[in-house]
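Heads up, data01.pdb below (PDB, C-alpha atoms):
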```
ATOM      1  CA  MET A   1      17.175   7.577 -29.956
ATOM      2  CA  LYS A   2      18.010   9.735 -26.965
ATOM      3  CA  TRP A   3      15.259  11.093 -24.740
ATOM      4  CA  GLU A   4      17.024  14.031 -23.125
ATOM      5  CA  THR A   5      14.590  16.713 -21.968
ATOM      6  CA  GLU A   6      14.635  19.369 -19.280
ATOM      7  CA  ILE A   7      13.108  16.792 -16.926
ATOM      8  CA  THR A   8      15.676  14.067 -17.588
ATOM      9  CA  LYS A   9      18.422  16.626 -17.016
ATOM     10  CA  LEU A  10      16.808  17.996 -13.856
ATOM     11  CA  LEU A  11      16.171  14.593 -12.261
ATOM     12  CA  HIS A  12      19.169  12.755 -13.762
ATOM     13  CA  ILE A  13      16.998  10.009 -15.256
ATOM     14  CA  LYS A  14      17.148   8.233 -18.617
ATOM     15  CA  TYR A  15      13.531   8.689 -19.679
ATOM     16  CA  PRO A  16      11.126  11.555 -18.887
ATOM     17  CA  ILE A  17       8.660   9.297 -17.071
ATOM     18  CA  VAL A  18       7.610   9.835 -13.445
ATOM     19  CA  GLN A  19       5.611   7.329 -11.394
ATOM     20  CA  GLY A  20       2.765   8.861  -9.405
ATOM     21  CA  GLY A  21       2.508   8.741  -5.613
ATOM     22  CA  LEU A  22      -0.232   6.044  -5.508
ATOM     23  CA  ALA A  23      -1.544   6.000  -1.948
ATOM     24  CA  TYR A  24      -1.090   2.639  -0.186
ATOM     25  CA  LEU A  25       0.623   1.183  -3.284
ATOM     26  CA  ALA A  26       3.817   3.110  -4.066
ATOM     27  CA  TYR A  27       6.462   1.403  -1.980
ATOM     28  CA  ALA A  28      10.062   0.319  -2.449
ATOM     29  CA  ASP A  29       9.582  -2.540  -4.925
ATOM     30  CA  LEU A  30       7.607  -0.460  -7.399
ATOM     31  CA  ALA A  31       9.708   2.683  -6.942
ATOM     32  CA  ALA A  32      12.981   0.831  -7.470
ATOM     33  CA  ALA A  33      11.631  -0.986 -10.523
ATOM     34  CA  VAL A  34      10.627   2.304 -12.166
ATOM     35  CA  SER A  35      13.966   3.914 -11.383
ATOM     36  CA  ASN A  36      15.907   0.883 -12.607
ATOM     37  CA  ALA A  37      13.921   0.985 -15.859
ATOM     38  CA  GLY A  38      15.007   4.574 -16.479
ATOM     39  CA  GLY A  39      12.148   6.593 -15.008
ATOM     40  CA  LEU A  40      11.665   8.193 -11.606
ATOM     41  CA  GLY A  41      10.065   5.873  -9.062
ATOM     42  CA  GLN A  42       8.447   7.255  -5.929
ATOM     43  CA  ILE A  43       7.503   6.122  -2.430
ATOM     44  CA  THR A  44       4.239   7.370  -0.921
ATOM     45  CA  ALA A  45       5.251   8.834   2.444
ATOM     46  CA  MET A  46       1.923   9.664   4.050
ATOM     47  CA  SER A  47       0.534   6.138   3.589
ATOM     48  CA  LEU A  48       3.203   4.866   5.975
ATOM     49  CA  ASP A  49       2.829   4.577   9.755
ATOM     50  CA  GLY A  50       5.410   7.187  10.645
ATOM     51  CA  PRO A  51       8.973   8.463  10.236
ATOM     52  CA  GLU A  52      10.741   5.181  10.949
ATOM     53  CA  SER A  53       8.561   3.297   8.471
ATOM     54  CA  LEU A  54       9.467   5.892   5.852
ATOM     55  CA  ARG A  55      13.148   5.631   6.718
ATOM     56  CA  MET A  56      13.035   1.849   6.299
ATOM     57  CA  GLU A  57      11.258   2.168   2.944
ATOM     58  CA  ILE A  58      13.793   4.705   1.670
ATOM     59  CA  GLN A  59      16.673   2.492   2.747
ATOM     60  CA  LYS A  60      15.066  -0.471   0.988
ATOM     61  CA  VAL A  61      14.849   1.514  -2.255
ATOM     62  CA  LYS A  62      18.529   2.367  -1.913
ATOM     63  CA  ARG A  63      19.338  -1.343  -1.627
ATOM     64  CA  LEU A  64      17.290  -2.111  -4.745
ATOM     65  CA  THR A  65      18.549   0.690  -7.005
ATOM     66  CA  ASP A  66      21.409   3.138  -7.364
ATOM     67  CA  LYS A  67      19.269   5.392  -9.574
ATOM     68  CA  PRO A  68      17.435   8.568  -8.499
ATOM     69  CA  PHE A  69      14.040   8.136  -6.853
ATOM     70  CA  GLY A  70      11.524  10.348  -5.114
ATOM     71  CA  VAL A  71       9.323  10.544  -2.036
ATOM     72  CA  ASN A  72       5.774  11.807  -2.492
ATOM     73  CA  PHE A  73       4.013  13.816   0.228
ATOM     74  CA  ALA A  74       0.223  13.829  -0.259
ATOM     75  CA  ILE A  75      -0.239  16.410   2.447
ATOM     76  CA  GLY A  76      -3.790  17.518   1.736
ATOM     77  CA  GLN A  77      -5.313  14.086   2.256
ATOM     78  CA  HIS A  78      -4.134  13.573   5.816
ATOM     79  CA  GLY A  79      -4.761  15.331   9.088
ATOM     80  CA  ARG A  80      -1.311  14.283  10.273
ATOM     81  CA  ARG A  81       1.605  16.642  10.450
ATOM     82  CA  PHE A  82       4.170  16.137   7.723
ATOM     83  CA  ASP A  83       7.299  17.933   8.957
ATOM     84  CA  HIS A  84       8.719  14.908  10.789
ATOM     85  CA  MET A  85       8.261  12.830   7.619
ATOM     86  CA  VAL A  86       9.950  15.457   5.441
ATOM     87  CA  GLN A  87      12.845  15.536   7.894
ATOM     88  CA  VAL A  88      13.431  11.840   7.235
ATOM     89  CA  ALA A  89      13.687  12.533   3.496
ATOM     90  CA  ILE A  90      16.216  15.264   4.257
ATOM     91  CA  ASP A  91      18.231  13.065   6.615
ATOM     92  CA  GLU A  92      18.273  10.213   4.102
ATOM     93  CA  GLU A  93      19.393  12.570   1.311
ATOM     94  CA  VAL A  94      16.493  11.682  -0.964
ATOM     95  CA  PRO A  95      17.225  13.186  -4.404
ATOM     96  CA  VAL A  96      13.642  14.191  -5.286
ATOM     97  CA  ILE A  97      10.451  15.008  -3.402
ATOM     98  CA  SER A  98       6.994  15.710  -4.777
ATOM     99  CA  VAL A  99       4.091  17.429  -3.073
ATOM    100  CA  THR A 100       0.462  16.679  -3.917
ATOM    101  CA  GLY A 101      -2.969  17.423  -2.539
ATOM    102  CA  GLY A 102      -2.350  20.647  -0.638
ATOM    103  CA  ASN A 103      -0.399  23.874  -0.194
ATOM    104  CA  PRO A 104       3.246  22.905  -0.845
ATOM    105  CA  LYS A 105       4.782  25.873   0.993
ATOM    106  CA  GLY A 106       5.563  24.066   4.242
ATOM    107  CA  VAL A 107       7.379  21.216   2.521
ATOM    108  CA  LEU A 108       9.216  23.465   0.065
ATOM    109  CA  ASP A 109      10.381  25.733   2.869
ATOM    110  CA  MET A 110      11.794  22.753   4.776
ATOM    111  CA  VAL A 111      13.899  21.480   1.866
ATOM    112  CA  LYS A 112      14.887  24.753   0.194
ATOM    113  CA  ASP A 113      18.445  24.719   1.578
ATOM    114  CA  TYR A 114      19.135  21.136   0.496
ATOM    115  CA  PRO A 115      20.073  19.705  -2.939
ATOM    116  CA  ILE A 116      16.660  18.065  -3.292
ATOM    117  CA  LYS A 117      14.690  18.531  -6.510
ATOM    118  CA  LYS A 118      11.139  19.664  -5.812
ATOM    119  CA  LEU A 119       8.090  18.672  -7.881
ATOM    120  CA  VAL A 120       4.585  19.994  -7.190
ATOM    121  CA  LEU A 121       1.350  18.542  -8.568
ATOM    122  CA  THR A 122      -1.047  21.226  -9.779
ATOM    123  CA  ALA A 123      -4.478  21.184 -11.422
ATOM    124  CA  ALA A 124      -4.753  24.807 -12.540
ATOM    125  CA  ARG A 125      -2.602  27.482 -14.158
ATOM    126  CA  ARG A 126      -2.614  29.707 -11.069
ATOM    127  CA  GLN A 127      -1.538  26.802  -8.854
ATOM    128  CA  ALA A 128       1.403  26.146 -11.171
ATOM    129  CA  GLU A 129       2.435  29.791 -11.119
ATOM    130  CA  LYS A 130       2.268  29.807  -7.325
ATOM    131  CA  ALA A 131       4.324  26.601  -7.094
ATOM    132  CA  GLU A 132       7.033  28.244  -9.182
ATOM    133  CA  GLU A 133       6.977  31.309  -6.918
ATOM    134  CA  LEU A 134       7.392  29.033  -3.879
ATOM    135  CA  GLY A 135      10.486  27.361  -5.315
ATOM    136  CA  ALA A 136       9.321  24.287  -7.208
ATOM    137  CA  ASP A 137      11.852  22.993  -9.740
ATOM    138  CA  ALA A 138       9.094  21.565 -11.950
ATOM    139  CA  VAL A 139       5.320  21.269 -11.904
ATOM    140  CA  MET A 140       3.239  18.200 -12.634
ATOM    141  CA  VAL A 141      -0.029  19.204 -14.278
ATOM    142  CA  VAL A 142      -2.969  16.820 -13.854
ATOM    143  CA  GLY A 143      -5.960  17.101 -16.140
ATOM    144  CA  HIS A 144      -9.496  15.979 -15.363
ATOM    145  CA  GLU A 145      -8.821  12.568 -16.934
ATOM    146  CA  GLY A 146      -6.493  11.649 -14.085
ATOM    147  CA  GLY A 147      -7.131   9.176 -11.295
ATOM    148  CA  GLY A 148      -7.323  10.037  -7.619
ATOM    149  CA  HIS A 149      -7.657  13.633  -6.462
ATOM    150  CA  LEU A 150      -8.137  16.248  -9.147
ATOM    151  CA  GLY A 151      -8.643  19.975  -9.370
ATOM    152  CA  ARG A 152     -12.025  21.565  -8.772
ATOM    153  CA  GLY A 153     -12.316  22.493 -12.430
ATOM    154  CA  ASP A 154     -13.025  20.037 -15.215
ATOM    155  CA  THR A 155     -10.156  21.116 -17.476
ATOM    156  CA  GLY A 156      -8.586  18.251 -19.403
ATOM    157  CA  THR A 157      -4.912  17.501 -19.934
ATOM    158  CA  PHE A 158      -4.968  18.694 -23.561
ATOM    159  CA  VAL A 159      -6.019  22.204 -22.552
ATOM    160  CA  LEU A 160      -4.309  22.501 -19.182
ATOM    161  CA  THR A 161      -0.824  21.359 -20.215
ATOM    162  CA  PRO A 162      -0.115  24.046 -22.841
ATOM    163  CA  GLN A 163      -1.826  26.658 -20.701
ATOM    164  CA  VAL A 164       0.588  25.944 -17.857
ATOM    165  CA  ALA A 165       3.604  25.486 -20.153
ATOM    166  CA  ASP A 166       3.000  29.007 -21.480
ATOM    167  CA  SER A 167       2.643  30.456 -17.971
ATOM    168  CA  VAL A 168       5.702  29.169 -16.081
ATOM    169  CA  SER A 169       9.429  29.112 -16.779
ATOM    170  CA  ILE A 170      10.108  25.805 -15.024
ATOM    171  CA  PRO A 171       9.608  22.433 -16.759
ATOM    172  CA  VAL A 172       6.114  20.946 -16.964
ATOM    173  CA  ILE A 173       5.264  17.277 -16.493
ATOM    174  CA  ALA A 174       1.906  16.279 -17.993
ATOM    175  CA  SER A 175      -0.393  13.893 -16.118
ATOM    176  CA  GLY A 176      -3.914  12.556 -16.565
ATOM    177  CA  GLY A 177      -4.970   9.955 -19.131
ATOM    178  CA  ILE A 178      -1.405   9.110 -20.206
ATOM    179  CA  VAL A 179      -0.553   5.399 -20.347
ATOM    180  CA  ASP A 180       1.578   4.844 -23.460
ATOM    181  CA  GLY A 181       3.951   6.270 -26.054
ATOM    182  CA  ARG A 182       1.137   8.012 -27.863
ATOM    183  CA  GLY A 183       0.259   9.901 -24.708
ATOM    184  CA  MET A 184       3.887  10.790 -24.086
ATOM    185  CA  MET A 185       4.337  12.227 -27.568
ATOM    186  CA  ALA A 186       1.084  14.154 -27.252
ATOM    187  CA  ALA A 187       2.376  15.634 -23.984
ATOM    188  CA  PHE A 188       5.573  16.795 -25.682
ATOM    189  CA  ALA A 189       3.560  18.373 -28.487
ATOM    190  CA  LEU A 190       1.601  20.286 -25.844
ATOM    191  CA  GLY A 191       4.764  21.743 -24.312
ATOM    192  CA  ALA A 192       5.534  19.252 -21.530
ATOM    193  CA  GLU A 193       9.049  18.017 -20.807
ATOM    194  CA  GLY A 194       7.923  14.722 -19.283
ATOM    195  CA  ILE A 195       4.946  12.677 -18.167
ATOM    196  CA  GLU A 196       3.611  11.336 -14.884
ATOM    197  CA  MET A 197       1.614   8.103 -14.811
ATOM    198  CA  GLY A 198      -0.248   6.667 -11.852
ATOM    199  CA  THR A 199      -2.956   4.259 -12.995
ATOM    200  CA  ARG A 200      -0.706   2.601 -15.580
ATOM    201  CA  PHE A 201       1.875   1.630 -12.973
ATOM    202  CA  ILE A 202      -0.788  -0.096 -10.856
ATOM    203  CA  ALA A 203      -1.255  -2.635 -13.635
ATOM    204  CA  THR A 204       2.319  -3.923 -13.415
ATOM    205  CA  LYS A 205       3.842  -6.989 -11.816
ATOM    206  CA  GLU A 206       5.903  -4.935  -9.364
ATOM    207  CA  CYS A 207       2.883  -3.165  -7.898
ATOM    208  CA  ILE A 208       2.699  -6.054  -5.464
ATOM    209  CA  ASP A 209       0.229  -4.487  -3.013
ATOM    210  CA  ALA A 210      -2.509  -4.067  -5.634
ATOM    211  CA  HIS A 211      -4.991  -6.963  -5.503
ATOM    212  CA  GLN A 212      -5.464  -8.967  -8.689
ATOM    213  CA  ALA A 213      -9.143  -7.966  -8.783
ATOM    214  CA  TYR A 214      -8.088  -4.307  -8.908
ATOM    215  CA  LYS A 215      -5.651  -4.970 -11.726
ATOM    216  CA  GLN A 216      -8.258  -7.006 -13.601
ATOM    217  CA  ALA A 217     -10.758  -4.173 -13.269
ATOM    218  CA  LEU A 218      -8.237  -1.885 -14.950
ATOM    219  CA  LEU A 219      -7.857  -4.383 -17.796
ATOM    220  CA  ASP A 220     -11.635  -4.619 -18.157
ATOM    221  CA  ALA A 221     -12.191  -0.853 -18.036
ATOM    222  CA  ASP A 222     -13.596   1.140 -20.926
ATOM    223  CA  GLU A 223     -13.979   4.897 -21.295
ATOM    224  CA  ASN A 224     -17.032   4.847 -19.015
ATOM    225  CA  ALA A 225     -15.493   2.787 -16.217
ATOM    226  CA  THR A 226     -14.593   5.657 -13.879
ATOM    227  CA  VAL A 227     -16.591   8.207 -11.896
ATOM    228  CA  VAL A 228     -15.769  11.376 -10.000
ATOM    229  CA  ILE A 229     -16.646  11.243  -6.310
ATOM    230  CA  LYS A 230     -16.314  13.781  -3.464
ATOM    231  CA  ARG A 231     -17.506  16.744  -5.535
ATOM    232  CA  SER A 232     -19.839  17.694  -2.671
ATOM    233  CA  LEU A 233     -16.781  18.141  -0.438
ATOM    234  CA  GLY A 234     -14.951  20.312  -2.940
ATOM    235  CA  THR A 235     -12.260  17.647  -3.352
ATOM    236  CA  PRO A 236     -13.231  15.758  -6.529
ATOM    237  CA  ALA A 237     -11.434  12.493  -7.196
ATOM    238  CA  ARG A 238     -11.712   9.859  -9.924
ATOM    239  CA  ALA A 239     -12.220   6.189  -9.066
ATOM    240  CA  LEU A 240     -13.305   2.963 -10.729
ATOM    241  CA  LYS A 241     -17.074   2.718 -10.837
ATOM    242  CA  ASN A 242     -18.327  -0.079  -8.558
ATOM    243  CA  PRO A 243     -21.121  -0.686  -6.001
ATOM    244  CA  TRP A 244     -19.241   1.285  -3.347
ATOM    245  CA  THR A 245     -18.807   4.390  -5.503
ATOM    246  CA  ASP A 246     -22.501   4.087  -6.447
ATOM    247  CA  GLU A 247     -23.286   4.360  -2.728
ATOM    248  CA  ILE A 248     -20.968   7.339  -2.370
ATOM    249  CA  LEU A 249     -22.690   9.168  -5.205
ATOM    250  CA  GLU A 250     -26.105   8.449  -3.694
ATOM    251  CA  ILE A 251     -25.000   9.818  -0.333
ATOM    252  CA  GLU A 252     -23.645  12.916  -2.061
ATOM    253  CA  LYS A 253     -27.021  13.493  -3.712
ATOM    254  CA  GLU A 254     -28.875  13.235  -0.404
ATOM    255  CA  ASN A 255     -26.494  14.759   2.129
ATOM    256  CA  GLY A 256     -22.998  15.147   0.815
ATOM    257  CA  ASN A 257     -21.232  16.408   3.930
ATOM    258  CA  TYR A 258     -18.108  14.893   5.401
ATOM    259  CA  GLU A 259     -19.834  13.217   8.344
ATOM    260  CA  SER A 260     -22.143  11.268   6.070
ATOM    261  CA  LEU A 261     -19.298  10.288   3.729
ATOM    262  CA  LYS A 262     -16.306   9.735   5.981
ATOM    263  CA  THR A 263     -16.654   5.961   6.338
ATOM    264  CA  HIS A 264     -17.185   5.476   2.624
ATOM    265  CA  ILE A 265     -14.204   7.607   1.532
ATOM    266  CA  SER A 266     -11.761   6.577   4.254
ATOM    267  CA  GLY A 267      -8.351   5.096   3.753
ATOM    268  CA  GLU A 268      -9.709   1.860   5.173
ATOM    269  CA  ALA A 269     -12.374   1.693   2.466
ATOM    270  CA  ASN A 270      -9.716   2.407  -0.140
ATOM    271  CA  LYS A 271      -7.504  -0.397   1.177
ATOM    272  CA  ALA A 272     -10.432  -2.838   1.395
ATOM    273  CA  TYR A 273     -10.640  -2.784  -2.376
ATOM    274  CA  ILE A 274      -7.091  -2.176  -3.570
ATOM    275  CA  HIS A 275      -5.499  -4.637  -1.107
ATOM    276  CA  GLU A 276      -8.297  -7.176  -0.623
ATOM    277  CA  GLY A 277     -10.374  -6.857  -3.791
ATOM    278  CA  ASN A 278     -13.563  -6.208  -1.791
ATOM    279  CA  GLU A 279     -15.631  -3.987  -4.095
ATOM    280  CA  ALA A 280     -18.700  -4.310  -1.868
ATOM    281  CA  GLU A 281     -16.909  -2.370   0.874
ATOM    282  CA  GLY A 282     -14.294  -0.271  -0.883
ATOM    283  CA  PHE A 283     -13.054   1.604  -3.934
ATOM    284  CA  GLY A 284      -9.929   2.103  -6.017
ATOM    285  CA  TRP A 285      -8.606   5.217  -7.702
ATOM    286  CA  ALA A 286      -8.195   5.116 -11.477
ATOM    287  CA  GLY A 287      -7.949   7.567 -14.352
ATOM    288  CA  GLN A 288      -9.727   7.439 -17.682
ATOM    289  CA  GLY A 289      -6.519   6.089 -19.181
ATOM    290  CA  ALA A 290      -7.504   2.710 -17.737
ATOM    291  CA  ALA A 291      -9.477   2.234 -20.950
ATOM    292  CA  ARG A 292      -6.118   2.011 -22.775
ATOM    293  CA  ILE A 293      -4.565  -0.594 -20.463
ATOM    294  CA  GLN A 294      -4.451  -4.036 -22.077
ATOM    295  CA  ASP A 295      -1.861  -5.995 -20.102
ATOM    296  CA  ILE A 296       0.051  -6.377 -16.840
ATOM    297  CA  PRO A 297       3.729  -6.281 -17.801
ATOM    298  CA  THR A 298       6.805  -5.823 -15.693
ATOM    299  CA  VAL A 299       7.739  -2.183 -15.167
ATOM    300  CA  ASN A 300      10.771  -2.642 -17.406
ATOM    301  CA  GLU A 301       8.609  -4.074 -20.197
ATOM    302  CA  LEU A 302       6.113  -1.240 -19.799
ATOM    303  CA  ILE A 303       8.706   1.521 -20.071
ATOM    304  CA  ASP A 304      10.473  -0.233 -22.956
ATOM    305  CA  ASN A 305       7.147  -0.449 -24.803
ATOM    306  CA  ILE A 306       6.342   3.207 -24.159
ATOM    307  CA  ILE A 307       9.727   4.318 -25.442
ATOM    308  CA  ALA A 308       9.538   2.018 -28.484
ATOM    309  CA  GLU A 309       6.125   3.396 -29.413
ATOM    310  CA  ALA A 310       7.266   6.985 -28.875
ATOM    311  CA  ASP A 311      10.400   6.328 -30.959
ATOM    312  CA  SER A 312       8.262   4.974 -33.782
ATOM    313  CA  ILE A 313       6.020   8.047 -33.710
ATOM    314  CA  ARG A 314       8.977  10.406 -33.627
ATOM    315  CA  LYS A 315      10.625   8.683 -36.592
ATOM    316  CA  ASN A 316       7.366   8.868 -38.531
ATOM    317  CA  TRP A 317       7.098  12.591 -37.807
ATOM    318  CA  LEU A 318      10.578  13.105 -39.237
ATOM    319  CA  LYS A 319       9.835  11.357 -42.532
ATOM    320  CA  PRO A 320       9.669  13.597 -45.598
ATOM    321  CA  ARG A 321       6.066  14.283 -46.631
TER
END
```

Let me see the file written as structure tokens.
Amino acid sequence: MKWETEITKLLHIKYPIVQGGLAYLAYADLAAAVSNAGGLGQITAMSLDGPESLRMEIQKVKRLTDKPFGVNFAIGQHGRRFDHMVQVAIDEEVPVISVTGGNPKGVLDMVKDYPIKKLVLTAARRQAEKAEELGADAVMVVGHEGGGHLGRGDTGTFVLTPQVADSVSIPVIASGGIVDGRGMMAAFALGAEGIEMGTRFIATKECIDAHQAYKQALLDADENATVVIKRSLGTPARALKNPWTDEILEIEKENGNYESLKTHISGEANKAYIHEGNEAEGFGWAGQGAARIQDIPTVNELIDNIIAEADSIRKNWLKPR
């Protein structure tokens, strides 16, 4: 069965599946594997040291795949300037960029005169409408179930996706709690033209920078295995519950300002867990969909399984009743 949607046509991909930016994890091996399997793989730009590191990563992806791929700019989570990094994506003729975690205007303005498809992650209807006004080609809509940084509201994917789909004229990609073919079909029923998955791609063989302890924690997760931290800063984000996030939540109760939290929520603390498996000194992002993760397949196996399950559901829907 064919899976042509507005997103597959826009991005020139086989399946309407986009891999999330995944700070400190989304590099060439994972991105190329996703693209080769028919989805859209992405590199995380702002986790890299600088422009030349990004250029090298982009060139590595090009050696590993001839399929479209993207570069994600998580601009709101970094104090660094991003224009020199975006210029690398322009120079390297990257086919797709995505913007997450901040006001996308600066990035969209830089690439507007180039044949680069522009995706923007949003967590509210008004944000999606604004992204369309600024020139986004599609919006990714993340519900409260998602991992990593979320919107300030607690609106879930099931409510937010159709709300946004009814409010914009550009295609919508649903994100948050989606890990399988069931989730993909639910997203289509809600008006989306594709899905974005972050947590699910961590638990794959090609996510080589994720420590085995992190992957095992995803396998062991149930529906209560994640918590939302950083609410006191106005930047809520969902992570796996562990001793470190317990400390973060205690600090937030007592004195939840940035100075008291900065060591606990730093990139170094994030890497201590996701790269080294040290849960006593770090944390890892994860969405509620972790409760549905049961294995660590190759990316190709994962996407094949998602499509097979979605095909089965679609065929069942078409049966006479």

Run the PyMOL selection byres ((chain A and resi 308) around 12) on the file and write out the hits as a ChimeraX atom specification. /A:1-3,15,180-182,184-185,301-307,309-315

Separation of atom CA of Tyr258 of chain A from atom CA of His149 of chain A, in Å and rounded to one decimal: 15.9 Å

For Thr100 of chain A: contacts at 12 Å, only C-alpha atoms, fewer than 2 positions along chain excluded, given as a PyMOL selection string: chain A and resi 20-23+44-46+71-78+97-98+102-105+107-108+118-123+127-128+131+139-142+148-151

Excluding same-chain residues fewer than 2 positions from Gly277 of chain A, what lies within 8 Å of it counting only C-alpha atoms, as a list in words?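 Skipping anything fewer than 2 positions along the chain leaves His211, Gln212, Ala213, Tyr214, Ala272, Tyr273, Ile274, His275 and Glu279 of chain A.
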
Please report the interatomic distance between atom CA of Thr8 of chain A and atom CA of Pro171 of chain A in Å with one decimal.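 Value for the atom CA of Thr8 of chain A-atom CA of Pro171 of chain A distance: 10.4 Å.
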
Please determine, counting only C-alpha atoms, which residue among A:Ser260, A:Ala280, A:Ala174, A:Lys62 has the shortest atom-to-atom distance to Ile7 of chain A.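 For Ile7 of chain A, the nearest of the candidates is A:Ala174.
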